[in-house]
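File shown: start.txt. Contents: compact mmCIF, C-alpha atoms (C1' of nucleotides).
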# COMPACT_ATOMS: atom_id res chain seq x y z
CA MET A 1 0.00 0.00 0.00
CA LYS A 2 2.70 2.44 -0.93
CA ILE A 3 2.67 5.15 -3.55
CA SER A 4 5.60 4.40 -5.85
CA THR A 5 8.35 6.84 -6.76
CA ARG A 6 6.77 7.22 -10.17
CA GLY A 7 3.68 8.84 -8.72
CA ARG A 8 5.50 10.82 -6.07
CA TYR A 9 8.06 12.17 -8.53
CA ALA A 10 5.26 13.10 -10.93
CA VAL A 11 3.66 15.26 -8.25
CA ARG A 12 6.98 16.91 -7.40
CA LEU A 13 7.63 17.44 -11.07
CA MET A 14 4.31 19.18 -11.64
CA LEU A 15 4.82 21.24 -8.51
CA ASP A 16 8.29 22.24 -9.68
CA LEU A 17 6.89 23.31 -13.04
CA ALA A 18 4.19 25.33 -11.31
CA ALA A 19 6.73 26.98 -9.06
CA GLN A 20 8.82 28.18 -12.02
CA GLY A 21 5.96 30.39 -13.12
CA GLU A 22 3.03 30.28 -15.50
CA GLY A 23 3.77 28.87 -18.91
CA LYS A 24 7.52 29.02 -18.51
CA CYS A 25 9.42 26.39 -20.45
CA VAL A 26 11.63 24.28 -18.21
CA ALA A 27 14.10 21.55 -19.23
CA VAL A 28 13.96 18.16 -17.52
CA LYS A 29 17.64 18.57 -16.73
CA GLU A 30 16.88 21.59 -14.56
CA ILE A 31 14.06 19.88 -12.71
CA ALA A 32 16.18 16.79 -12.11
CA ALA A 33 18.99 18.91 -10.71
CA ARG A 34 16.67 20.97 -8.52
CA GLN A 35 14.82 17.95 -7.17
CA GLY A 36 17.87 15.70 -6.96
CA LEU A 37 16.33 13.01 -9.13
CA SER A 38 17.50 10.97 -12.11
CA GLU A 39 17.19 12.89 -15.36
CA LYS A 40 16.48 9.82 -17.47
CA TYR A 41 13.86 8.52 -15.07
CA LEU A 42 12.10 11.88 -14.97
CA GLU A 43 12.06 11.94 -18.76
CA GLN A 44 9.98 8.78 -18.72
CA ILE A 45 7.62 10.13 -16.14
CA ILE A 46 7.11 13.48 -17.79
CA SER A 47 6.45 11.75 -21.09
CA ILE A 48 3.39 10.14 -19.49
CA LEU A 49 2.19 13.56 -18.39
CA ASN A 50 2.91 14.89 -21.86
CA LYS A 51 0.91 12.18 -23.61
CA ALA A 52 -2.02 12.91 -21.32
CA GLY A 53 -1.78 16.60 -22.19
CA TYR A 54 -1.01 17.69 -18.64
CA VAL A 55 2.17 19.36 -19.89
CA LYS A 56 3.32 20.46 -23.32
CA SER A 57 6.77 19.88 -24.71
CA VAL A 58 9.04 22.12 -26.75
CA ARG A 59 11.86 20.34 -28.52
CA GLY A 60 15.33 21.58 -29.28
CA ALA A 61 17.64 23.98 -27.53
CA GLN A 62 15.87 26.22 -25.01
CA GLY A 63 13.08 23.70 -25.09
CA GLY A 64 11.47 21.89 -22.22
CA TYR A 65 8.02 21.47 -20.74
CA TYR A 66 5.33 23.77 -19.42
CA LEU A 67 1.95 23.37 -17.76
CA THR A 68 -1.04 23.58 -20.05
CA LYS A 69 -3.45 24.67 -17.34
CA ASP A 70 -3.53 26.66 -14.15
CA PRO A 71 -2.03 24.78 -11.18
CA SER A 72 -5.43 24.88 -9.48
CA GLU A 73 -6.82 22.68 -12.24
CA TYR A 74 -4.56 19.72 -11.50
CA THR A 75 -5.57 17.57 -8.59
CA VAL A 76 -3.06 15.24 -7.04
CA GLY A 77 -5.54 12.46 -7.78
CA MET A 78 -5.38 13.12 -11.52
CA ILE A 79 -1.62 12.92 -11.50
CA LEU A 80 -1.41 9.81 -9.32
CA ARG A 81 -4.07 7.89 -11.19
CA LEU A 82 -2.29 8.68 -14.44
CA THR A 83 1.18 7.65 -13.32
CA GLU A 84 0.36 4.96 -10.75
CA GLY A 85 -2.76 3.52 -12.25
CA SER A 86 -5.97 3.42 -10.25
CA LEU A 87 -5.81 4.07 -6.55
CA ASN A 88 -8.34 1.38 -5.70
CA PRO A 89 -7.16 -0.96 -2.96
CA VAL A 90 -8.44 -4.03 -4.84
CA ALA A 91 -8.30 -4.80 -8.56
CA CYS A 92 -11.97 -5.73 -8.94
CA LEU A 93 -12.95 -2.09 -8.40
CA ASP A 94 -10.89 -1.02 -11.42
CA ASP A 95 -13.41 -2.28 -13.96
CA GLU A 96 -16.64 -0.46 -14.75
CA VAL A 97 -18.54 -3.67 -14.02
CA ASN A 98 -17.09 -5.85 -11.32
CA GLN A 99 -15.67 -8.97 -12.99
CA CYS A 100 -14.89 -10.85 -9.78
CA GLU A 101 -16.86 -14.06 -9.57
CA ARG A 102 -17.16 -13.74 -5.81
CA CYS A 103 -18.45 -10.19 -6.17
CA ASP A 104 -22.09 -10.97 -5.37
CA THR A 105 -21.34 -12.70 -2.10
CA CYS A 106 -18.14 -10.87 -1.15
CA GLU A 107 -18.47 -9.63 2.41
CA THR A 108 -15.47 -7.34 2.15
CA LEU A 109 -16.34 -5.53 -1.06
CA GLU A 110 -18.17 -2.73 0.71
CA LEU A 111 -15.17 -2.20 2.95
CA TRP A 112 -12.84 -1.81 -0.03
CA LYS A 113 -15.29 0.58 -1.65
CA LYS A 114 -15.33 2.74 1.45
CA LEU A 115 -11.55 2.71 1.53
CA SER A 116 -11.35 3.57 -2.14
CA ASP A 117 -13.74 6.48 -1.68
CA ALA A 118 -11.74 7.80 1.26
CA ILE A 119 -8.47 7.63 -0.65
CA ASN A 120 -9.83 9.30 -3.75
CA ALA A 121 -11.58 11.98 -1.74
CA VAL A 122 -8.29 13.07 -0.20
CA VAL A 123 -6.20 13.13 -3.35
CA ASP A 124 -8.93 14.80 -5.35
CA SER A 125 -9.30 17.57 -2.81
CA VAL A 126 -5.71 18.74 -3.11
CA THR A 127 -4.43 20.60 -6.17
CA ILE A 128 -0.97 21.55 -7.33
CA ALA A 129 -1.91 25.15 -6.53
CA ASP A 130 -2.58 24.12 -2.92
CA LEU A 131 0.86 22.55 -2.66
CA LYS A 132 2.47 25.54 -4.30
CA GLU A 133 0.83 27.87 -1.82
CA ARG A 134 2.12 25.80 1.06
CA LYS A 135 5.59 25.99 -0.41
CA GLU A 136 5.47 29.75 -0.72
CA ASN A 137 4.12 30.23 2.79
CA GLU A 138 7.00 28.21 4.10
CA LYS A 139 9.59 30.58 2.72
CA LYS A 140 8.29 33.40 4.87
CA MET B 1 -1.61 1.11 -4.10
CA LYS B 2 -3.17 -2.32 -3.86
CA ILE B 3 -3.80 -4.47 -0.81
CA SER B 4 -1.99 -7.75 -1.44
CA THR B 5 -3.57 -11.20 -1.24
CA ARG B 6 -1.81 -11.71 2.06
CA GLY B 7 -3.81 -9.00 3.75
CA ARG B 8 -7.04 -9.77 1.96
CA TYR B 9 -6.83 -13.47 2.71
CA ALA B 10 -6.04 -12.71 6.34
CA VAL B 11 -9.26 -10.74 6.67
CA ARG B 12 -11.28 -13.50 5.00
CA LEU B 13 -9.59 -16.04 7.22
CA MET B 14 -10.48 -14.20 10.41
CA LEU B 15 -14.01 -13.67 9.15
CA ASP B 16 -14.31 -17.38 8.35
CA LEU B 17 -13.12 -18.26 11.84
CA ALA B 18 -15.62 -15.85 13.34
CA ALA B 19 -18.42 -17.30 11.24
CA GLN B 20 -17.74 -20.82 12.52
CA GLY B 21 -18.72 -19.73 16.00
CA GLU B 22 -17.08 -18.52 19.17
CA GLY B 23 -13.96 -20.40 20.21
CA LYS B 24 -14.55 -23.26 17.83
CA CYS B 25 -11.39 -24.97 16.61
CA VAL B 26 -11.13 -24.97 12.83
CA ALA B 27 -8.46 -26.64 10.67
CA VAL B 28 -6.70 -24.63 7.97
CA LYS B 29 -7.70 -27.33 5.51
CA GLU B 30 -11.37 -26.56 6.09
CA ILE B 31 -10.91 -22.82 5.72
CA ALA B 32 -8.88 -23.28 2.56
CA ALA B 33 -11.58 -25.51 1.07
CA ARG B 34 -14.40 -23.17 2.05
CA GLN B 35 -12.63 -20.07 0.77
CA GLY B 36 -11.10 -21.72 -2.28
CA LEU B 37 -7.56 -20.72 -1.34
CA SER B 38 -4.23 -22.55 -1.15
CA GLU B 39 -3.89 -24.49 2.08
CA LYS B 40 -0.15 -24.02 2.36
CA TYR B 41 -0.36 -20.33 1.67
CA LEU B 42 -3.05 -19.87 4.30
CA GLU B 43 -0.88 -21.72 6.78
CA GLN B 44 1.78 -19.08 6.35
CA ILE B 45 -0.70 -16.29 6.78
CA ILE B 46 -2.40 -17.75 9.82
CA SER B 47 0.98 -18.34 11.42
CA ILE B 48 1.50 -14.55 11.38
CA LEU B 49 -1.84 -14.11 13.12
CA ASN B 50 -0.90 -16.85 15.56
CA LYS B 51 2.42 -15.26 16.49
CA ALA B 52 0.65 -11.99 17.13
CA GLY B 53 -1.85 -13.77 19.39
CA TYR B 54 -4.85 -12.95 17.23
CA VAL B 55 -5.63 -16.66 16.98
CA LYS B 56 -4.56 -19.66 19.04
CA SER B 57 -3.45 -22.98 17.61
CA VAL B 58 -4.20 -26.51 18.73
CA ARG B 59 -1.91 -29.18 17.34
CA GLY B 60 -2.68 -32.73 16.43
CA ALA B 61 -5.79 -34.48 15.24
CA GLN B 62 -8.97 -32.43 15.69
CA GLY B 63 -6.71 -29.42 16.08
CA GLY B 64 -6.84 -26.12 14.28
CA TYR B 65 -7.15 -22.47 15.17
CA TYR B 66 -9.65 -20.36 17.04
CA LEU B 67 -10.11 -16.67 17.76
CA THR B 68 -8.80 -15.46 21.09
CA LYS B 69 -11.13 -12.50 21.31
CA ASP B 70 -14.61 -11.45 20.35
CA PRO B 71 -14.92 -10.59 16.64
CA SER B 72 -15.82 -7.03 17.61
CA GLU B 73 -12.36 -6.59 19.07
CA TYR B 74 -10.51 -7.12 15.80
CA THR B 75 -10.45 -4.17 13.46
CA VAL B 76 -9.60 -4.70 9.83
CA GLY B 77 -6.80 -2.21 10.37
CA MET B 78 -5.14 -4.41 12.99
CA ILE B 79 -5.18 -7.37 10.65
CA LEU B 80 -3.97 -5.49 7.59
CA ARG B 81 -1.18 -3.67 9.39
CA LEU B 82 0.00 -6.98 10.80
CA THR B 83 -0.02 -8.90 7.54
CA GLU B 84 0.67 -6.12 5.03
CA GLY B 85 2.90 -3.91 7.06
CA SER B 86 1.98 -0.29 7.67
CA LEU B 87 -0.74 1.23 5.54
CA ASN B 88 1.07 4.53 5.14
CA PRO B 89 1.31 5.70 1.54
CA VAL B 90 4.95 6.75 1.94
CA ALA B 91 7.74 5.00 3.85
CA CYS B 92 8.92 8.06 5.77
CA LEU B 93 5.70 7.99 7.82
CA ASP B 94 6.50 4.50 9.07
CA ASP B 95 9.14 5.66 11.54
CA GLU B 96 8.28 7.31 14.83
CA VAL B 97 10.55 10.21 13.89
CA ASN B 98 10.66 11.04 10.21
CA GLN B 99 14.10 10.07 8.90
CA CYS B 100 13.70 11.60 5.46
CA GLU B 101 16.27 14.30 4.85
CA ARG B 102 13.83 16.33 2.79
CA CYS B 103 11.24 16.07 5.55
CA ASP B 104 11.60 19.67 6.81
CA THR B 105 11.03 21.22 3.41
CA CYS B 106 8.82 18.56 1.86
CA GLU B 107 5.74 20.21 0.41
CA THR B 108 3.90 16.96 -0.04
CA LEU B 109 4.35 15.48 3.43
CA GLU B 110 1.16 16.97 4.78
CA LEU B 111 -0.75 15.50 1.85
CA TRP B 112 0.56 12.01 2.58
CA LYS B 113 -0.29 12.43 6.25
CA LYS B 114 -3.84 13.35 5.37
CA LEU B 115 -4.06 10.34 3.09
CA SER B 116 -2.61 8.08 5.74
CA ASP B 117 -5.11 9.33 8.30
CA ALA B 118 -8.01 8.77 5.93
CA ILE B 119 -6.93 5.23 5.14
CA ASN B 120 -6.38 4.25 8.75
CA ALA B 121 -9.65 5.84 9.83
CA VAL B 122 -11.60 3.62 7.48
CA VAL B 123 -9.90 0.34 8.27
CA ASP B 124 -9.93 1.02 12.00
CA SER B 125 -13.65 1.74 11.99
CA VAL B 126 -14.60 -1.68 10.65
CA THR B 127 -14.37 -4.82 12.77
CA ILE B 128 -14.65 -8.50 11.96
CA ALA B 129 -17.98 -8.46 13.79
CA ASP B 130 -19.23 -5.80 11.37
CA LEU B 131 -18.29 -7.95 8.40
CA LYS B 132 -19.83 -11.01 10.00
CA GLU B 133 -23.07 -9.16 10.53
CA ARG B 134 -23.15 -8.11 6.91
CA LYS B 135 -22.64 -11.71 5.91
CA GLU B 136 -25.50 -12.93 8.05
CA ASN B 137 -27.87 -10.25 6.84
CA GLU B 138 -27.14 -11.29 3.30
CA LYS B 139 -28.39 -14.80 3.85
CA LYS B 140 -31.86 -13.57 4.65
C1' DT C 1 2.05 -48.30 20.60
C1' DA C 2 0.97 -47.25 15.57
C1' DG C 3 -0.97 -44.43 12.47
C1' DA C 4 -3.60 -40.61 11.11
C1' DT C 5 -4.24 -35.82 11.60
C1' DT C 6 -2.89 -31.32 12.17
C1' DG C 7 0.25 -27.47 13.04
C1' DT C 8 5.51 -25.61 12.48
C1' DA C 9 9.43 -24.30 10.05
C1' DT C 10 12.03 -23.37 6.28
C1' DA C 11 13.56 -23.46 1.75
C1' DC C 12 12.63 -22.81 -2.95
C1' DT C 13 10.78 -20.69 -7.27
C1' DA C 14 8.34 -18.44 -11.01
C1' DT C 15 6.55 -14.17 -12.21
C1' DC C 16 5.86 -9.39 -11.89
C1' DT C 17 6.87 -4.70 -10.41
C1' DT C 18 9.89 -1.14 -9.32
C1' DT C 19 13.44 1.84 -10.17
C1' DG C 20 16.10 3.04 -12.61
C1' DT C 21 20.42 3.02 -16.82
C1' DA C 22 21.89 3.39 -21.47
C1' DG C 23 22.07 4.69 -26.14
C1' DG C 24 20.69 6.83 -29.88
C1' DA C 25 17.36 9.28 -33.15
C1' DA C 26 14.78 13.45 -34.22
C1' DA C 27 13.84 18.29 -33.86
C1' DA C 28 14.92 22.92 -33.21
C1' DA C 29 17.81 26.81 -31.98
C1' DA C 30 22.20 29.17 -32.16
C1' DT D 1 26.62 22.55 -38.52
C1' DT D 2 26.92 22.12 -33.75
C1' DT D 3 24.56 22.05 -29.51
C1' DT D 4 20.68 21.38 -26.83
C1' DT D 5 16.77 19.23 -25.78
C1' DT D 6 12.94 15.95 -26.29
C1' DC D 7 11.55 11.18 -27.76
C1' DC D 8 11.80 6.26 -28.01
C1' DT D 9 13.08 1.77 -26.82
C1' DA D 10 15.73 -1.73 -24.82
C1' DC D 11 17.84 -3.61 -20.83
C1' DA D 12 18.64 -4.96 -16.02
C1' DA D 13 19.27 -5.33 -10.95
C1' DA D 14 16.68 -5.76 -6.91
C1' DG D 15 12.76 -6.69 -4.43
C1' DA D 16 7.95 -8.10 -3.76
C1' DT D 17 4.21 -11.33 -4.63
C1' DA D 18 2.07 -15.55 -4.54
C1' DG D 19 2.52 -19.41 -3.93
C1' DT D 20 4.84 -24.96 -3.76
C1' DA D 21 7.41 -28.44 -1.55
C1' DT D 22 9.41 -31.01 2.02
C1' DA D 23 10.28 -32.53 6.33
C1' DC D 24 9.34 -32.47 11.17
C1' DA D 25 6.74 -32.12 15.72
C1' DA D 26 2.74 -32.68 18.49
C1' DT D 27 -1.58 -34.75 19.55
C1' DC D 28 -5.54 -37.76 19.20
C1' DT D 29 -7.59 -42.20 18.45
C1' DA D 30 -7.84 -47.08 17.62
Go ahead and render the structure in this file as C-alpha cells.
Amino acid sequence: MKISTRGRYAVRLMLDLAAQGEGKCVAVKEIAARQGLSEKYLEQIISILNKAGYVKSVRGAQGGYYLTKDPSEYTVGMILRLTEGSLNPVACLDDEVNQCERCDTCETLELWKKLSDAINAVVDSVTIADLKERKENEKK
Amino acid sequence: MKISTRGRYAVRLMLDLAAQGEGKCVAVKEIAARQGLSEKYLEQIISILNKAGYVKSVRGAQGGYYLTKDPSEYTVGMILRLTEGSLNPVACLDDEVNQCERCDTCETLELWKKLSDAINAVVDSVTIADLKERKENEKK
DNA sequence: TAGATTGTATACTATCTTTGTAGGAAAAAA
DNA sequence: TTTTTTCCTACAAAGATAGTATACAATCTA
C-alpha cells in the first residue's frame, strides 16, 4: 500500500513546473537537478504527463516542458491515477462492471469501496496550486 | 496502491473463523476448502496471526485455530497492518521520527499524512464483527 | 504403541513490479 | 553545422508477490 516513486516524482515534477511560473518552459535537466532526481527517469515520467496533455513539450535547444493549465486545475488524484494507475485498494474495483466471480457474495467488497472512496476523496481535494501555496508560505 | 492477497486473505480467514462460531477450533484445511484458497499459503498467513496472538493454535488431530477474542475486538486495520505492514502511503511515515532528509522542506508530506489518516480511519472503523453481521444479513 | 491428523518451520521458485540506466534518433535553436 | 533538448526503446538489478514443496513435531484415536 505504498505510492511508488513514479507517482511521487510526478507530483513533485508538476509542482516544480508550477513553481517556475506560469507557462515558462523548463528543461527536464533543470528539474532533475533541482529535485535531486534521475534525469532519465524523470524523462519517462514526464512523457506520461505529456501524452495525457497535462504538460506540453518544446523540442530543441531552449526547449522543455510547461503546464497547459492553471495549477489549481490539476488535482493530485489526476496525476497519481495517471502515473500509478488506479488508486483502488483491490483490482476488482478497477473495472466499470465488477468482474470478480465472488463479487455478489463478497463480504469485504463494501469495505474496499469505502476505503477507495476515502483515498480518492483526499487526493482529489488537493491541487498543485494548494501545494504551491504551502511551499510559498514556508519561505516566509 | 493495492492491498496484497496476504492482507485480503487474512481478513477472510479471520471472518471465516468468526463465522464458525465462538472459540470453535477450525483446521486450515477446512478454511482453505471453504474459501477456495491454497492451504499451504493460508498456513503461512495464519501463522503470522498466531504469532501476534490474534488466533490460538491446537496441534494434532482435531486441532486447528480459534479466535482469542470477540470478533468485535478485531479491526480490519489491525489485521492489515499486521499482515501487510503499515498502511502509510509513503515510507517516511513508518518511523516514529521522520528520517527523510527532505522532511523539513517537503511540500507533499502533509498531503501524505492526510491520506494516511483517511486510510487508517476507514480500516480502523470496521471490525470482523461488522463484516460477519453483513454476511448474516445477506443470507436472509 | 501405531498411524492418522494437524500445526511448524524453512527453503525454494516463477513471475511481476519497481526503479532506474543506457544509447541513440529526431527536432529545433544558435 | 553544432549544440541542446525531447523522444523512443531496450535492458537490467533488486525486491515483492504468490505461492509450492518437504520434512518435522505434536496430539488424538484405535
query: Leaving out Gly21 of chain A and any residue of its chain fewer than 5 positions from it, which residues lie within 10 Å of it when counting all atoms listed in the file, given as a ChimeraX atom specification?
result: /A:16,26,66-67,71
field: Lys114 of chain B surroundings by only C-alpha atoms (C1' of nucleotides), 12 Å radius, close-in-sequence under 3 positions cut, as a PyMOL selection string
entry: (chain A and resi 118-126) or (chain B and resi 88-90+93+108-111+117-121)
Superimposed copy of chain A on chain B by least squares over C-alpha atoms, as an mmCIF file with C-alpha atoms, keeping the file's coordinate frame:
data_model
loop_
_atom_site.group_PDB
_atom_site.id
_atom_site.type_symbol
_atom_site.label_atom_id
_atom_site.label_comp_id
_atom_site.auth_asym_id
_atom_site.auth_seq_id
_atom_site.Cartn_x
_atom_site.Cartn_y
_atom_site.Cartn_z
ATOM 1 C CA MET A 1 -1.588 1.083 -4.076
ATOM 2 C CA LYS A 2 -3.155 -2.323 -3.847
ATOM 3 C CA ILE A 3 -3.804 -4.453 -0.805
ATOM 4 C CA SER A 4 -2.001 -7.738 -1.437
ATOM 5 C CA THR A 5 -3.582 -11.174 -1.250
ATOM 6 C CA ARG A 6 -1.804 -11.722 2.037
ATOM 7 C CA GLY A 7 -3.802 -9.004 3.739
ATOM 8 C CA ARG A 8 -7.053 -9.765 1.977
ATOM 9 C CA TYR A 9 -6.833 -13.484 2.716
ATOM 10 C CA ALA A 10 -6.028 -12.712 6.352
ATOM 11 C CA VAL A 11 -9.262 -10.750 6.667
ATOM 12 C CA ARG A 12 -11.268 -13.521 5.004
ATOM 13 C CA LEU A 13 -9.576 -16.047 7.223
ATOM 14 C CA MET A 14 -10.472 -14.191 10.405
ATOM 15 C CA LEU A 15 -14.001 -13.678 9.146
ATOM 16 C CA ASP A 16 -14.304 -17.379 8.355
ATOM 17 C CA LEU A 17 -13.121 -18.261 11.850
ATOM 18 C CA ALA A 18 -15.627 -15.843 13.345
ATOM 19 C CA ALA A 19 -18.414 -17.283 11.249
ATOM 20 C CA GLN A 20 -17.755 -20.826 12.507
ATOM 21 C CA GLY A 21 -18.744 -19.753 15.992
ATOM 22 C CA GLU A 22 -17.104 -18.542 19.171
ATOM 23 C CA GLY A 23 -14.001 -20.407 20.200
ATOM 24 C CA LYS A 24 -14.554 -23.284 17.820
ATOM 25 C CA CYS A 25 -11.391 -24.971 16.623
ATOM 26 C CA VAL A 26 -11.118 -24.980 12.844
ATOM 27 C CA ALA A 27 -8.444 -26.636 10.676
ATOM 28 C CA VAL A 28 -6.702 -24.613 7.973
ATOM 29 C CA LYS A 29 -7.690 -27.319 5.516
ATOM 30 C CA GLU A 30 -11.364 -26.559 6.094
ATOM 31 C CA ILE A 31 -10.921 -22.822 5.715
ATOM 32 C CA ALA A 32 -8.889 -23.274 2.542
ATOM 33 C CA ALA A 33 -11.571 -25.503 1.064
ATOM 34 C CA ARG A 34 -14.399 -23.174 2.063
ATOM 35 C CA GLN A 35 -12.655 -20.064 0.777
ATOM 36 C CA GLY A 36 -11.121 -21.723 -2.273
ATOM 37 C CA LEU A 37 -7.593 -20.728 -1.335
ATOM 38 C CA SER A 38 -4.257 -22.529 -1.147
ATOM 39 C CA GLU A 39 -3.883 -24.502 2.064
ATOM 40 C CA LYS A 40 -0.127 -24.029 2.286
ATOM 41 C CA TYR A 41 -0.349 -20.307 1.646
ATOM 42 C CA LEU A 42 -3.029 -19.880 4.297
ATOM 43 C CA GLU A 43 -0.850 -21.763 6.762
ATOM 44 C CA GLN A 44 1.788 -19.079 6.375
ATOM 45 C CA ILE A 45 -0.693 -16.301 6.795
ATOM 46 C CA ILE A 46 -2.404 -17.757 9.821
ATOM 47 C CA SER A 47 0.966 -18.336 11.442
ATOM 48 C CA ILE A 48 1.488 -14.562 11.413
ATOM 49 C CA LEU A 49 -1.857 -14.107 13.130
ATOM 50 C CA ASN A 50 -0.932 -16.838 15.582
ATOM 51 C CA LYS A 51 2.390 -15.254 16.512
ATOM 52 C CA ALA A 52 0.609 -11.969 17.140
ATOM 53 C CA GLY A 53 -1.873 -13.746 19.400
ATOM 54 C CA TYR A 54 -4.879 -12.931 17.235
ATOM 55 C CA VAL A 55 -5.660 -16.646 17.001
ATOM 56 C CA LYS A 56 -4.595 -19.633 19.059
ATOM 57 C CA SER A 57 -3.492 -22.936 17.629
ATOM 58 C CA VAL A 58 -4.222 -26.488 18.716
ATOM 59 C CA ARG A 59 -1.893 -29.098 17.296
ATOM 60 C CA GLY A 60 -2.631 -32.668 16.365
ATOM 61 C CA ALA A 61 -5.718 -34.405 15.097
ATOM 62 C CA GLN A 62 -8.915 -32.411 15.654
ATOM 63 C CA GLY A 63 -6.686 -29.413 16.080
ATOM 64 C CA GLY A 64 -6.824 -26.113 14.293
ATOM 65 C CA TYR A 65 -7.173 -22.454 15.165
ATOM 66 C CA TYR A 66 -9.664 -20.336 17.056
ATOM 67 C CA LEU A 67 -10.139 -16.650 17.783
ATOM 68 C CA THR A 68 -8.807 -15.445 21.099
ATOM 69 C CA LYS A 69 -11.152 -12.481 21.335
ATOM 70 C CA ASP A 70 -14.628 -11.440 20.349
ATOM 71 C CA PRO A 71 -14.932 -10.581 16.637
ATOM 72 C CA SER A 72 -15.833 -7.014 17.601
ATOM 73 C CA GLU A 73 -12.362 -6.587 19.071
ATOM 74 C CA TYR A 74 -10.524 -7.122 15.792
ATOM 75 C CA THR A 75 -10.444 -4.181 13.456
ATOM 76 C CA VAL A 76 -9.603 -4.709 9.830
ATOM 77 C CA GLY A 77 -6.793 -2.210 10.364
ATOM 78 C CA MET A 78 -5.139 -4.416 12.981
ATOM 79 C CA ILE A 79 -5.186 -7.382 10.661
ATOM 80 C CA LEU A 80 -3.965 -5.493 7.594
ATOM 81 C CA ARG A 81 -1.177 -3.682 9.383
ATOM 82 C CA LEU A 82 0.000 -6.992 10.802
ATOM 83 C CA THR A 83 -0.008 -8.915 7.538
ATOM 84 C CA GLU A 84 0.699 -6.130 5.036
ATOM 85 C CA GLY A 85 2.907 -3.911 7.101
ATOM 86 C CA SER A 86 1.982 -0.286 7.662
ATOM 87 C CA LEU A 87 -0.724 1.234 5.539
ATOM 88 C CA ASN A 88 1.082 4.541 5.136
ATOM 89 C CA PRO A 89 1.301 5.686 1.528
ATOM 90 C CA VAL A 90 4.952 6.735 1.938
ATOM 91 C CA ALA A 91 7.751 5.000 3.838
ATOM 92 C CA CYS A 92 8.918 8.065 5.767
ATOM 93 C CA LEU A 93 5.713 7.994 7.822
ATOM 94 C CA ASP A 94 6.513 4.486 9.070
ATOM 95 C CA ASP A 95 9.155 5.644 11.534
ATOM 96 C CA GLU A 96 8.319 7.292 14.844
ATOM 97 C CA VAL A 97 10.582 10.191 13.887
ATOM 98 C CA ASN A 98 10.682 11.049 10.226
ATOM 99 C CA GLN A 99 14.108 10.037 8.893
ATOM 100 C CA CYS A 100 13.701 11.597 5.452
ATOM 101 C CA GLU A 101 16.273 14.293 4.867
ATOM 102 C CA ARG A 102 13.823 16.317 2.811
ATOM 103 C CA CYS A 103 11.235 16.075 5.574
ATOM 104 C CA ASP A 104 11.586 19.659 6.811
ATOM 105 C CA THR A 105 11.024 21.227 3.424
ATOM 106 C CA CYS A 106 8.820 18.547 1.858
ATOM 107 C CA GLU A 107 5.745 20.209 0.407
ATOM 108 C CA THR A 108 3.890 16.942 -0.041
ATOM 109 C CA LEU A 109 4.359 15.476 3.418
ATOM 110 C CA GLU A 110 1.154 16.969 4.768
ATOM 111 C CA LEU A 111 -0.747 15.501 1.847
ATOM 112 C CA TRP A 112 0.566 12.006 2.571
ATOM 113 C CA LYS A 113 -0.285 12.431 6.237
ATOM 114 C CA LYS A 114 -3.848 13.343 5.369
ATOM 115 C CA LEU A 115 -4.069 10.338 3.085
ATOM 116 C CA SER A 116 -2.619 8.072 5.734
ATOM 117 C CA ASP A 117 -5.114 9.328 8.301
ATOM 118 C CA ALA A 118 -8.012 8.772 5.917
ATOM 119 C CA ILE A 119 -6.925 5.227 5.128
ATOM 120 C CA ASN A 120 -6.382 4.256 8.735
ATOM 121 C CA ALA A 121 -9.635 5.841 9.825
ATOM 122 C CA VAL A 122 -11.593 3.614 7.461
ATOM 123 C CA VAL A 123 -9.901 0.331 8.268
ATOM 124 C CA ASP A 124 -9.932 1.017 11.979
ATOM 125 C CA SER A 125 -13.642 1.724 11.967
ATOM 126 C CA VAL A 126 -14.599 -1.691 10.637
ATOM 127 C CA THR A 127 -14.372 -4.835 12.765
ATOM 128 C CA ILE A 128 -14.640 -8.506 11.948
ATOM 129 C CA ALA A 129 -17.968 -8.467 13.793
ATOM 130 C CA ASP A 130 -19.221 -5.799 11.374
ATOM 131 C CA LEU A 131 -18.286 -7.960 8.403
ATOM 132 C CA LYS A 132 -19.823 -11.011 9.999
ATOM 133 C CA GLU A 133 -23.075 -9.171 10.550
ATOM 134 C CA ARG A 134 -23.162 -8.128 6.924
ATOM 135 C CA LYS A 135 -22.634 -11.726 5.918
ATOM 136 C CA GLU A 136 -25.483 -12.954 8.069
ATOM 137 C CA ASN A 137 -27.861 -10.257 6.868
ATOM 138 C CA GLU A 138 -27.150 -11.300 3.333
ATOM 139 C CA LYS A 139 -28.390 -14.821 3.878
ATOM 140 C CA LYS A 140 -31.862 -13.572 4.685
#
- prompt: Taking all atoms listed in the file into account, which of D:DA18, D:DA26, D:DA12, D:DC7 comes nearest DT8 of chain C?
  reply: D:DA26
Atomic distance atom CA of Asn50 of chain A - atom CA of Arg34 of chain A, expressed in Å with one decimal: 20.1 Å
Hey, could you make a per-residue contact list for chain D against segment 9-22 of chain C with 10 Å as the cut-off, showing the nearest pair of atoms and its distance in Å to one decimal, counting only C-alpha atoms (C1' of nucleotides), sorted by chain and number, as a tab-separated table?
residue	atom	partner	partner_atom	distance
D:DA10	C1'	C:DA22	C1'	8.7
D:DC11	C1'	C:DA22	C1'	8.1
D:DA12	C1'	C:DT21	C1'	8.2
D:DA13	C1'	C:DG20	C1'	9.1
D:DA14	C1'	C:DT18	C1'	8.6
D:DG15	C1'	C:DT18	C1'	7.9
D:DA16	C1'	C:DT17	C1'	7.5
D:DT17	C1'	C:DC16	C1'	7.7
D:DA18	C1'	C:DT15	C1'	9.0
D:DG19	C1'	C:DT13	C1'	9.0
D:DT20	C1'	C:DT13	C1'	8.1
D:DA21	C1'	C:DC12	C1'	7.8
D:DT22	C1'	C:DA11	C1'	8.6
D:DA23	C1'	C:DA9	C1'	9.1
D:DC24	C1'	C:DA9	C1'	8.2
Chain D contacts to chain A at 10 Å (all atoms listed in the file) as a PyMOL selection string: chain D and resi 3-8
- prompt: What does the distance between atom C1' of DT27 of chain D and atom C1' of DT6 of chain C come to in Å, to one decimal place?
  reply: 8.2 Å
field: Å distance separating atom CA of Tyr9 of chain A from atom CA of Thr83 of chain A, one decimal place
entry: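 Atom-to-atom, atom CA of Tyr9 of chain A to atom CA of Thr83 of chain A, that is 9.5 Å.
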- prompt: Using only C-alpha atoms (C1' of nucleotides), which chain C residues lie at most 7 Å away from chain A, written as a list in words?
  reply: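 Matching residues, ligands excluded from the count: DG20, DA27, DA28 and DA29 of chain C.
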Could you save the residues just selected, with C-alpha atoms (C1' of nucleotides), as a compact mmCIF listing (two decimals), in the frame of the given file?
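Saved to part.txt:
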# COMPACT_ATOMS: atom_id res chain seq x y z
C1' DG C 20 16.10 3.04 -12.61
C1' DA C 27 13.84 18.29 -33.86
C1' DA C 28 14.92 22.92 -33.21
C1' DA C 29 17.81 26.81 -31.98
